[in-house]
$ cat start.txt   # compact mmCIF, C-alpha atoms
# COMPACT_ATOMS: atom_id res chain seq x y z
CA MET A 552 0.00 0.00 0.00
CA LYS A 553 1.27 3.45 -0.93
CA TYR A 554 0.25 5.78 1.88
CA ARG A 555 -0.35 9.30 0.62
CA LEU A 556 -1.44 11.08 3.80
CA ALA A 557 0.10 11.19 7.29
CA VAL A 558 -2.02 12.65 10.12
CA PHE A 559 -0.30 13.45 13.41
CA ASP A 560 -1.93 14.18 16.75
CA ILE A 561 -0.03 16.95 18.53
CA ASP A 562 0.02 16.58 22.33
CA GLY A 563 1.59 13.28 23.34
CA THR A 564 2.43 12.42 19.72
CA LEU A 565 4.38 15.25 18.09
CA ILE A 566 5.09 16.88 21.45
CA GLY A 567 6.17 15.37 24.74
CA PRO A 568 6.11 16.83 28.26
CA ARG A 569 7.11 20.48 28.44
CA ALA A 570 10.27 21.21 30.37
CA ASN A 571 8.63 23.83 32.59
CA PRO A 572 4.83 23.83 33.02
CA SER A 573 4.88 27.54 33.88
CA GLU A 574 6.07 28.28 30.36
CA GLY A 575 2.68 27.28 28.89
CA ALA A 576 2.56 26.61 25.16
CA ALA A 577 5.95 28.22 24.62
CA GLY A 578 7.62 25.43 26.61
CA ARG A 579 6.65 22.75 24.11
CA ALA A 580 8.51 21.78 20.97
CA VAL A 581 8.38 19.12 18.26
CA PRO A 582 11.63 17.09 18.44
CA GLU A 583 14.10 17.73 15.64
CA SER A 584 13.99 14.05 14.63
CA ALA A 585 10.21 14.25 14.09
CA ALA A 586 10.44 17.51 12.16
CA LYS A 587 13.14 16.09 9.92
CA ALA A 588 11.10 12.93 9.25
CA ILE A 589 8.01 14.98 8.38
CA LYS A 590 10.00 17.14 5.97
CA GLN A 591 11.25 13.94 4.33
CA LEU A 592 7.66 12.79 3.91
CA ILE A 593 6.75 16.04 2.21
CA GLY A 594 9.75 15.55 -0.08
CA LEU A 595 8.34 12.15 -1.04
CA GLY A 596 5.03 13.75 -2.02
CA VAL A 597 3.14 12.61 1.09
CA THR A 598 0.55 15.10 2.35
CA VAL A 599 0.98 15.96 6.03
CA ALA A 600 -1.80 16.97 8.44
CA VAL A 601 -2.23 17.49 12.16
CA GLY A 602 -5.24 15.91 13.82
CA THR A 603 -5.74 17.51 17.22
CA ALA A 604 -8.18 18.44 19.96
CA ARG A 605 -6.65 21.92 19.93
CA PRO A 606 -8.52 24.81 18.32
CA TYR A 607 -7.33 25.67 14.83
CA SER A 608 -5.34 28.74 15.87
CA ALA A 609 -3.42 26.70 18.46
CA SER A 610 -2.74 23.83 16.06
CA LEU A 611 -0.46 25.73 13.69
CA ARG A 612 2.49 26.68 15.89
CA PRO A 613 4.15 23.29 16.66
CA LEU A 614 5.00 22.41 13.05
CA GLY A 615 5.13 26.07 12.06
CA GLU A 616 8.15 26.51 14.32
CA TRP A 617 9.95 24.16 11.91
CA ASP A 618 8.63 26.01 8.84
CA ILE A 619 6.30 23.12 8.08
CA ARG A 620 2.82 23.90 6.79
CA SER A 621 0.15 21.25 7.02
CA GLU A 622 -3.48 20.40 6.46
CA THR A 623 -5.47 20.57 9.71
CA ILE A 624 -8.07 18.48 11.51
CA ALA A 625 -8.63 20.71 14.53
CA SER A 626 -11.09 20.79 17.44
CA SER A 627 -11.29 16.97 17.49
CA GLY A 628 -12.66 16.90 13.94
CA ALA A 629 -15.09 19.83 14.22
CA ASP A 630 -12.86 22.18 12.18
CA VAL A 631 -11.13 20.82 9.07
CA ARG A 632 -9.03 23.18 6.96
CA ARG A 633 -6.62 23.08 4.06
CA GLU A 634 -3.02 24.21 4.28
CA ASP A 635 -4.00 27.71 3.12
CA GLY A 636 -6.57 28.01 5.92
CA SER A 637 -9.63 27.51 3.72
CA VAL A 638 -12.41 25.62 5.49
CA VAL A 639 -13.30 22.09 4.37
CA VAL A 640 -16.00 21.60 7.00
CA GLN A 641 -17.00 22.98 10.40
CA HIS A 642 -19.51 21.51 12.85
CA PRO A 643 -20.67 24.09 15.42
CA PHE A 644 -22.92 23.09 18.30
CA PRO A 645 -26.63 23.88 17.99
CA ASP A 646 -27.41 27.09 19.91
CA GLU A 647 -29.19 25.35 22.78
CA THR A 648 -26.38 22.82 23.11
CA ALA A 649 -23.79 25.61 23.20
CA ARG A 650 -25.74 27.30 26.01
CA PHE A 651 -25.93 24.01 27.95
CA LEU A 652 -22.15 23.61 27.66
CA ALA A 653 -21.44 27.19 28.68
CA GLU A 654 -23.66 26.90 31.75
CA LEU A 655 -22.22 23.51 32.69
CA CYS A 656 -18.65 24.81 32.49
CA ASP A 657 -19.58 27.72 34.75
CA ARG A 658 -21.37 25.48 37.29
CA ALA A 659 -18.51 22.99 37.34
CA ALA A 660 -15.88 25.76 37.62
CA TRP A 661 -14.08 24.19 34.68
CA THR A 662 -11.48 26.17 32.74
CA PRO A 663 -11.96 24.95 29.18
CA SER A 664 -10.37 25.95 25.92
CA VAL A 665 -13.27 26.80 23.60
CA ALA A 666 -12.86 26.63 19.83
CA THR A 667 -15.13 28.80 17.71
CA VAL A 668 -15.40 29.36 13.98
CA ASP A 669 -13.53 32.63 14.51
CA GLY A 670 -10.85 31.76 17.06
CA MET A 671 -10.26 30.53 20.60
CA ILE A 672 -11.66 31.49 23.99
CA LEU A 673 -10.07 30.53 27.31
CA LYS A 674 -12.25 30.48 30.43
CA LEU A 675 -9.86 31.35 33.24
CA ASP A 676 -10.16 32.94 36.66
CA GLU A 677 -7.11 35.11 36.02
CA THR A 678 -5.27 36.33 32.94
CA PRO A 679 -2.14 34.14 32.61
CA ASP A 680 1.35 35.56 32.14
CA TRP A 681 1.76 33.55 28.94
CA LEU A 682 -1.30 35.03 27.21
CA GLY A 683 0.95 37.28 25.15
CA ARG A 684 2.46 34.18 23.57
CA ALA A 685 -0.92 32.60 22.82
CA PRO A 686 -2.24 32.54 19.23
CA GLU A 687 -3.41 35.91 17.95
CA GLY A 688 -7.02 36.66 18.77
CA THR A 689 -7.18 34.46 21.88
CA LEU A 690 -9.81 35.84 24.27
CA VAL A 691 -9.94 35.23 28.03
CA VAL A 692 -13.28 35.28 29.86
CA ARG A 693 -14.27 34.41 33.43
CA ARG A 694 -17.73 33.08 32.58
CA LEU A 695 -19.09 31.54 29.39
CA ALA A 696 -22.84 31.67 30.00
CA THR A 697 -22.89 35.45 30.42
CA ASP A 698 -22.32 35.82 26.68
CA VAL A 699 -22.36 32.38 25.05
CA PRO A 700 -19.70 32.34 22.30
CA LYS A 701 -21.07 32.25 18.77
CA GLY A 702 -20.13 29.35 16.54
CA MET A 703 -18.76 27.08 19.28
CA LEU A 704 -17.05 24.06 17.70
CA SER A 705 -15.59 22.20 20.67
CA ILE A 706 -14.44 22.48 24.25
CA VAL A 707 -11.48 20.78 25.88
CA THR A 708 -11.35 20.77 29.66
CA GLY A 709 -9.80 19.02 32.61
CA VAL A 710 -12.47 17.13 34.54
CA GLU A 711 -10.69 15.01 37.14
CA GLY A 712 -12.84 14.48 40.22
CA GLU A 713 -15.94 15.90 38.53
CA SER A 714 -17.81 12.67 37.70
CA GLY A 715 -21.29 14.15 38.19
CA PHE A 716 -20.72 16.89 35.64
CA VAL A 717 -19.11 14.43 33.23
CA GLU A 718 -22.23 12.27 33.47
CA GLU A 719 -24.23 15.30 32.35
CA LEU A 720 -21.99 15.57 29.30
CA ASN A 721 -22.23 11.87 28.50
CA GLY A 722 -26.00 11.93 28.87
CA HIS A 723 -26.56 14.72 26.35
CA ALA A 724 -27.77 13.34 23.01
CA ASP A 725 -26.28 16.19 20.98
CA LEU A 726 -22.74 15.75 22.30
CA SER A 727 -19.80 13.46 21.64
CA THR A 728 -17.12 13.17 24.34
CA GLU A 729 -13.67 11.59 24.16
CA LEU A 730 -10.73 11.36 26.55
CA ALA A 731 -7.61 13.25 25.55
CA LEU A 732 -4.17 13.81 27.06
CA THR A 733 -2.03 16.92 27.24
CA SER A 734 1.67 16.84 26.42
CA ASP A 735 2.42 16.66 30.16
CA GLY A 736 0.08 13.70 30.72
CA SER A 737 -2.93 15.46 32.25
CA GLN A 738 -6.33 13.94 31.43
CA LEU A 739 -8.83 16.05 29.52
CA VAL A 740 -12.22 15.58 27.93
CA SER A 741 -12.84 16.77 24.38
CA VAL A 742 -16.46 17.64 23.52
CA THR A 743 -17.84 18.04 19.99
CA ALA A 744 -21.25 17.84 18.37
CA ALA A 745 -22.69 14.31 18.21
CA GLY A 746 -21.19 12.23 15.42
CA VAL A 747 -18.14 14.47 15.06
CA ASP A 748 -14.66 13.18 15.87
CA LYS A 749 -11.17 12.93 14.45
CA GLY A 750 -12.31 10.02 12.28
CA THR A 751 -15.00 12.06 10.53
CA GLY A 752 -12.46 14.87 10.21
CA LEU A 753 -9.98 12.55 8.52
CA VAL A 754 -12.63 11.33 6.07
CA ALA A 755 -13.62 14.92 5.24
CA LEU A 756 -10.00 15.95 4.66
CA CYS A 757 -9.41 12.92 2.44
CA GLY A 758 -12.43 13.89 0.37
CA ALA A 759 -11.05 17.39 -0.12
CA LEU A 760 -7.64 16.00 -1.09
CA GLY A 761 -8.96 13.31 -3.42
CA ILE A 762 -7.35 10.64 -1.24
CA GLN A 763 -9.01 7.47 0.03
CA PRO A 764 -9.03 7.11 3.86
CA GLY A 765 -7.30 3.77 3.37
CA GLU A 766 -4.32 5.68 1.97
CA ALA A 767 -3.88 7.57 5.26
CA VAL A 768 -1.69 6.78 8.27
CA ALA A 769 -2.87 8.14 11.64
CA PHE A 770 -0.53 8.72 14.59
CA GLY A 771 -1.87 9.20 18.14
CA ASP A 772 -1.59 8.47 21.83
CA SER A 773 -5.02 8.72 23.52
CA GLU A 774 -8.65 7.70 23.21
CA VAL A 775 -9.58 10.81 21.23
CA ASP A 776 -7.37 9.41 18.45
CA ILE A 777 -9.13 6.04 18.20
CA PRO A 778 -11.85 7.20 15.74
CA MET A 779 -9.03 8.45 13.52
CA PHE A 780 -7.31 5.07 13.84
CA LYS A 781 -10.48 3.33 12.69
CA ALA A 782 -10.88 5.61 9.67
CA ALA A 783 -7.27 5.40 8.44
CA GLY A 784 -5.65 2.61 6.47
CA LEU A 785 -2.89 2.27 9.09
CA SER A 786 -2.76 3.44 12.70
CA VAL A 787 0.34 4.04 14.83
CA ALA A 788 0.25 4.41 18.63
CA MET A 789 3.12 6.12 20.40
CA GLY A 790 5.04 4.20 23.03
CA ASN A 791 3.68 6.63 25.64
CA SER A 792 0.06 5.94 24.59
CA THR A 793 -2.70 4.77 26.89
CA ALA A 794 -3.26 1.00 27.02
CA GLU A 795 -6.62 1.28 25.22
CA THR A 796 -5.08 3.33 22.43
CA LYS A 797 -2.29 0.79 21.93
CA ALA A 798 -4.87 -2.00 21.80
CA GLN A 799 -6.69 -0.22 18.94
CA ALA A 800 -3.58 0.53 16.87
CA ASP A 801 -2.17 -1.51 14.01
CA THR A 802 1.38 -0.91 15.21
CA ILE A 803 3.20 0.73 18.11
CA THR A 804 6.29 2.89 17.81
CA SER A 805 8.55 4.24 20.55
CA GLY A 806 7.67 7.27 22.67
CA VAL A 807 7.69 10.94 21.72
CA ASP A 808 11.03 11.54 23.39
CA GLU A 809 12.50 8.35 21.93
CA ASP A 810 12.25 9.44 18.26
CA GLY A 811 8.99 7.52 17.84
CA ILE A 812 7.79 9.54 14.85
CA ALA A 813 11.11 9.20 13.03
CA HIS A 814 11.23 5.44 13.63
CA ALA A 815 7.68 4.95 12.38
CA VAL A 816 8.15 7.10 9.28
CA GLU A 817 11.29 5.17 8.36
CA GLU A 818 9.53 1.83 8.83
CA ILE A 819 6.41 2.77 6.85
CA TRP A 820 7.85 4.93 4.06
CA GLY A 821 11.55 4.07 4.17
CA ALA A 822 12.31 7.75 4.72

$ encode --input "start.txt" --output "structure tokens"
Amino acid sequence: MKYRLAVFDIDGTLIGPRANPSEGAAGRAVPESAAKAIKQLIGLGVTVAVGTARPYSASLRPLGEWDIRSETIASSGADVRREDGSVVVQHPFPDETARFLAELCDRAAWTPSVATVDGMILKLDETPDWLGRAPEGTLVVRRLATDVPKGMLSIVTGVEGESGFVEELNGHADLSTELALTSDGSQLVSVTAAGVDKGTGLVALCGALGIQPGEAVAFGDSEVDIPMFKAAGLSVAMGNSTAETKAQADTITSGVDEDGIAHAVEEIWGA
């Protein structure tokens, strides 16, 4: 099989634990070995994409720091865009569902990252020192329900110890929830509209590219990546993946900090 598309999750796949958590997004970097392998893929004519729970604006920097441009499956599949930023498909929440989510986040005192069709909103109690290094247009609010964001595509939030509120999410017919991991190993929940996930995002991107999903290779490390694994022709779990993710993958490479991407790319494409 000649694989024509490579889709990489970001946190836990392209990026490992940040050296200093206080540095925020600026403390994370794609290893040189992974960047070099991805550039080799591009040289072979393979299309490269990121497939991430991050909002679109936050998905560009990791590979961009290596002068690599990519297709994008952002917001856990709710926001799919071409390399030039043109939209393939977006799946905002229905208005009533968006209001439910905003009110739930406020009641639960969660601090989610909210992706919208226009940018990213962070619900935080205080303005962080690293906000100046956040993607342009990032907005910080203290409550979401006061002025429910228009065109909400997804939320990603830490929910440890909040089982009752998570049950509310899981019980809502218009929502799809998946576990995700940050690059420092924290557990998050990614929420999209029902029926939307990284797998549907991969299929939509393939349609825009004129590529069959079976010609795609998906790389990931957590449960939010499993729908993408099922849609792709070949799935690769990182060595630092969760046990369930490894069980769903076709093959397992070494960890992020052990040149896992480079090893897998060499094995699959000979690059």

$ closest_residue --input "start.txt" --among "A:Thr648, A:Thr804, A:Ser621, A:Thr743" --to "Val699 (chain A)" --atoms "only C-alpha atoms"
A:Thr648

$ closest_residue --input "start.txt" --among "A:Pro778, A:Pro606, A:Pro686, A:Gly752" --to "Leu730 (chain A)" --atoms "all atoms listed in the file"
A:Pro778

$ atom_distance --input "start.txt" --atom1 "CA of Glu729 (chain A)" --atom2 "CA of Glu795 (chain A)"
12.5 Å

$ atom_distance --input "start.txt" --atom1 "CA of Pro700 (chain A)" --atom2 "CA of Gly602 (chain A)"
23.5 Å

$ residues_around --input "start.txt" --residues "Gly806 (chain A)" --least-positions-apart "6" --cutoff "8 Å" --atoms "all atoms listed in the file" --output "ChimeraX atom specification"
/A:564,789-792

$ residues_around --input "start.txt" --residues "Val717 (chain A)" --least-positions-apart "5" --cutoff "10 Å" --atoms "only C-alpha atoms" --output "PyMOL selection string"
chain A and resi 655+659+710-712+722+728+740

$ atom_distance --input "start.txt" --atom1 "CA of Asp748 (chain A)" --atom2 "CA of Gly702 (chain A)"
17.1 Å

$ closest_residue --input "start.txt" --among "A:Val638, A:Val691, A:Leu595, A:Leu760" --to "Ala822 (chain A)" --atoms "all atoms listed in the file"
A:Leu595

$ residues_near_point --input "start.txt" --point "(7.7, 12.6, 15.2)" --cutoff "10 Å" --atoms "all atoms listed in the file" --output "ChimeraX atom specification"
/A:559-561,564-566,581-589,770,789,805-816

$ closest_residue --input "start.txt" --among "A:Ser627, A:Ser608, A:Ser637, A:Thr708" --to "Cys656 (chain A)" --atoms "only C-alpha atoms"
A:Thr708

$ residues_around --input "start.txt" --residues "region 668-673 of chain A" --least-positions-apart "5" --cutoff "8 Å" --atoms "only C-alpha atoms" --output "ChimeraX atom specification"
/A:606-608,630,641,643,662-663,688-692,701-704

$ closest_residue --input "start.txt" --among "A:Ser714, A:Ile762, A:Val665, A:Ala653" --to "Ala696 (chain A)" --atoms "all atoms listed in the file"
A:Ala653

$ closest_residue --input "start.txt" --among "A:Met552, A:Val707, A:Ala685, A:Ala755" --to "Ile624 (chain A)" --atoms "all atoms listed in the file"
A:Ala755

$ axis_aligned_box --input "start.txt" --around "region 592-607 of chain A" --padding-each-side "3 Å" --output "AutoDock Vina command-line options"
--center_x 0.6 --center_y 18.9 --center_z 9.0 --size_x 24.3 --size_y 19.5 --size_z 28.0

$ decode --input "start.txt" --residues "region 655-676 of chain A" --atoms "N, CA and C atoms" --output "compact mmCIF listing (two decimals), in the first residue's frame"
# COMPACT_ATOMS: atom_id res chain seq x y z
N LEU A 655 -22.84 24.62 31.97
CA LEU A 655 -22.22 23.51 32.69
C LEU A 655 -20.79 23.86 33.08
N CYS A 656 -20.03 24.43 32.17
CA CYS A 656 -18.65 24.81 32.49
C CYS A 656 -18.60 25.81 33.63
N ASP A 657 -19.55 26.75 33.66
CA ASP A 657 -19.58 27.72 34.75
C ASP A 657 -19.95 27.04 36.06
N ARG A 658 -20.96 26.17 36.05
CA ARG A 658 -21.37 25.48 37.29
C ARG A 658 -20.27 24.59 37.84
N ALA A 659 -19.55 23.93 36.93
CA ALA A 659 -18.51 22.99 37.34
C ALA A 659 -17.19 23.69 37.68
N ALA A 660 -17.11 24.99 37.42
CA ALA A 660 -15.88 25.76 37.62
C ALA A 660 -14.75 25.20 36.78
N TRP A 661 -15.09 24.66 35.61
CA TRP A 661 -14.08 24.19 34.68
C TRP A 661 -13.41 25.37 33.99
N THR A 662 -12.22 25.14 33.47
CA THR A 662 -11.48 26.17 32.74
C THR A 662 -11.15 25.65 31.34
N PRO A 663 -12.16 25.56 30.49
CA PRO A 663 -11.96 24.95 29.18
C PRO A 663 -11.30 25.89 28.18
N SER A 664 -10.74 25.26 27.15
CA SER A 664 -10.37 25.95 25.92
C SER A 664 -11.54 25.76 24.96
N VAL A 665 -12.08 26.85 24.45
CA VAL A 665 -13.27 26.80 23.60
C VAL A 665 -12.87 27.20 22.18
N ALA A 666 -13.10 26.31 21.24
CA ALA A 666 -12.86 26.63 19.83
C ALA A 666 -14.14 27.17 19.22
N THR A 667 -14.00 28.24 18.45
CA THR A 667 -15.13 28.80 17.71
C THR A 667 -14.74 28.91 16.25
N VAL A 668 -15.70 29.22 15.40
CA VAL A 668 -15.40 29.36 13.98
C VAL A 668 -14.46 30.53 13.73
N ASP A 669 -14.36 31.44 14.70
CA ASP A 669 -13.53 32.63 14.51
C ASP A 669 -12.23 32.63 15.30
N GLY A 670 -12.07 31.72 16.26
CA GLY A 670 -10.85 31.76 17.06
C GLY A 670 -10.93 30.86 18.28
N MET A 671 -10.36 31.33 19.39
CA MET A 671 -10.26 30.53 20.60
C MET A 671 -10.57 31.40 21.81
N ILE A 672 -11.33 30.82 22.75
CA ILE A 672 -11.66 31.49 23.99
C ILE A 672 -11.19 30.62 25.15
N LEU A 673 -10.52 31.23 26.12
CA LEU A 673 -10.07 30.53 27.31
C LEU A 673 -10.89 31.03 28.50
N LYS A 674 -11.54 30.11 29.20
CA LYS A 674 -12.25 30.48 30.43
C LYS A 674 -11.29 30.28 31.60
N LEU A 675 -10.84 31.38 32.17
CA LEU A 675 -9.86 31.35 33.24
C LEU A 675 -10.25 32.34 34.33
N ASP A 676 -9.86 32.04 35.56
CA ASP A 676 -10.16 32.94 36.66
C ASP A 676 -9.26 34.17 36.65
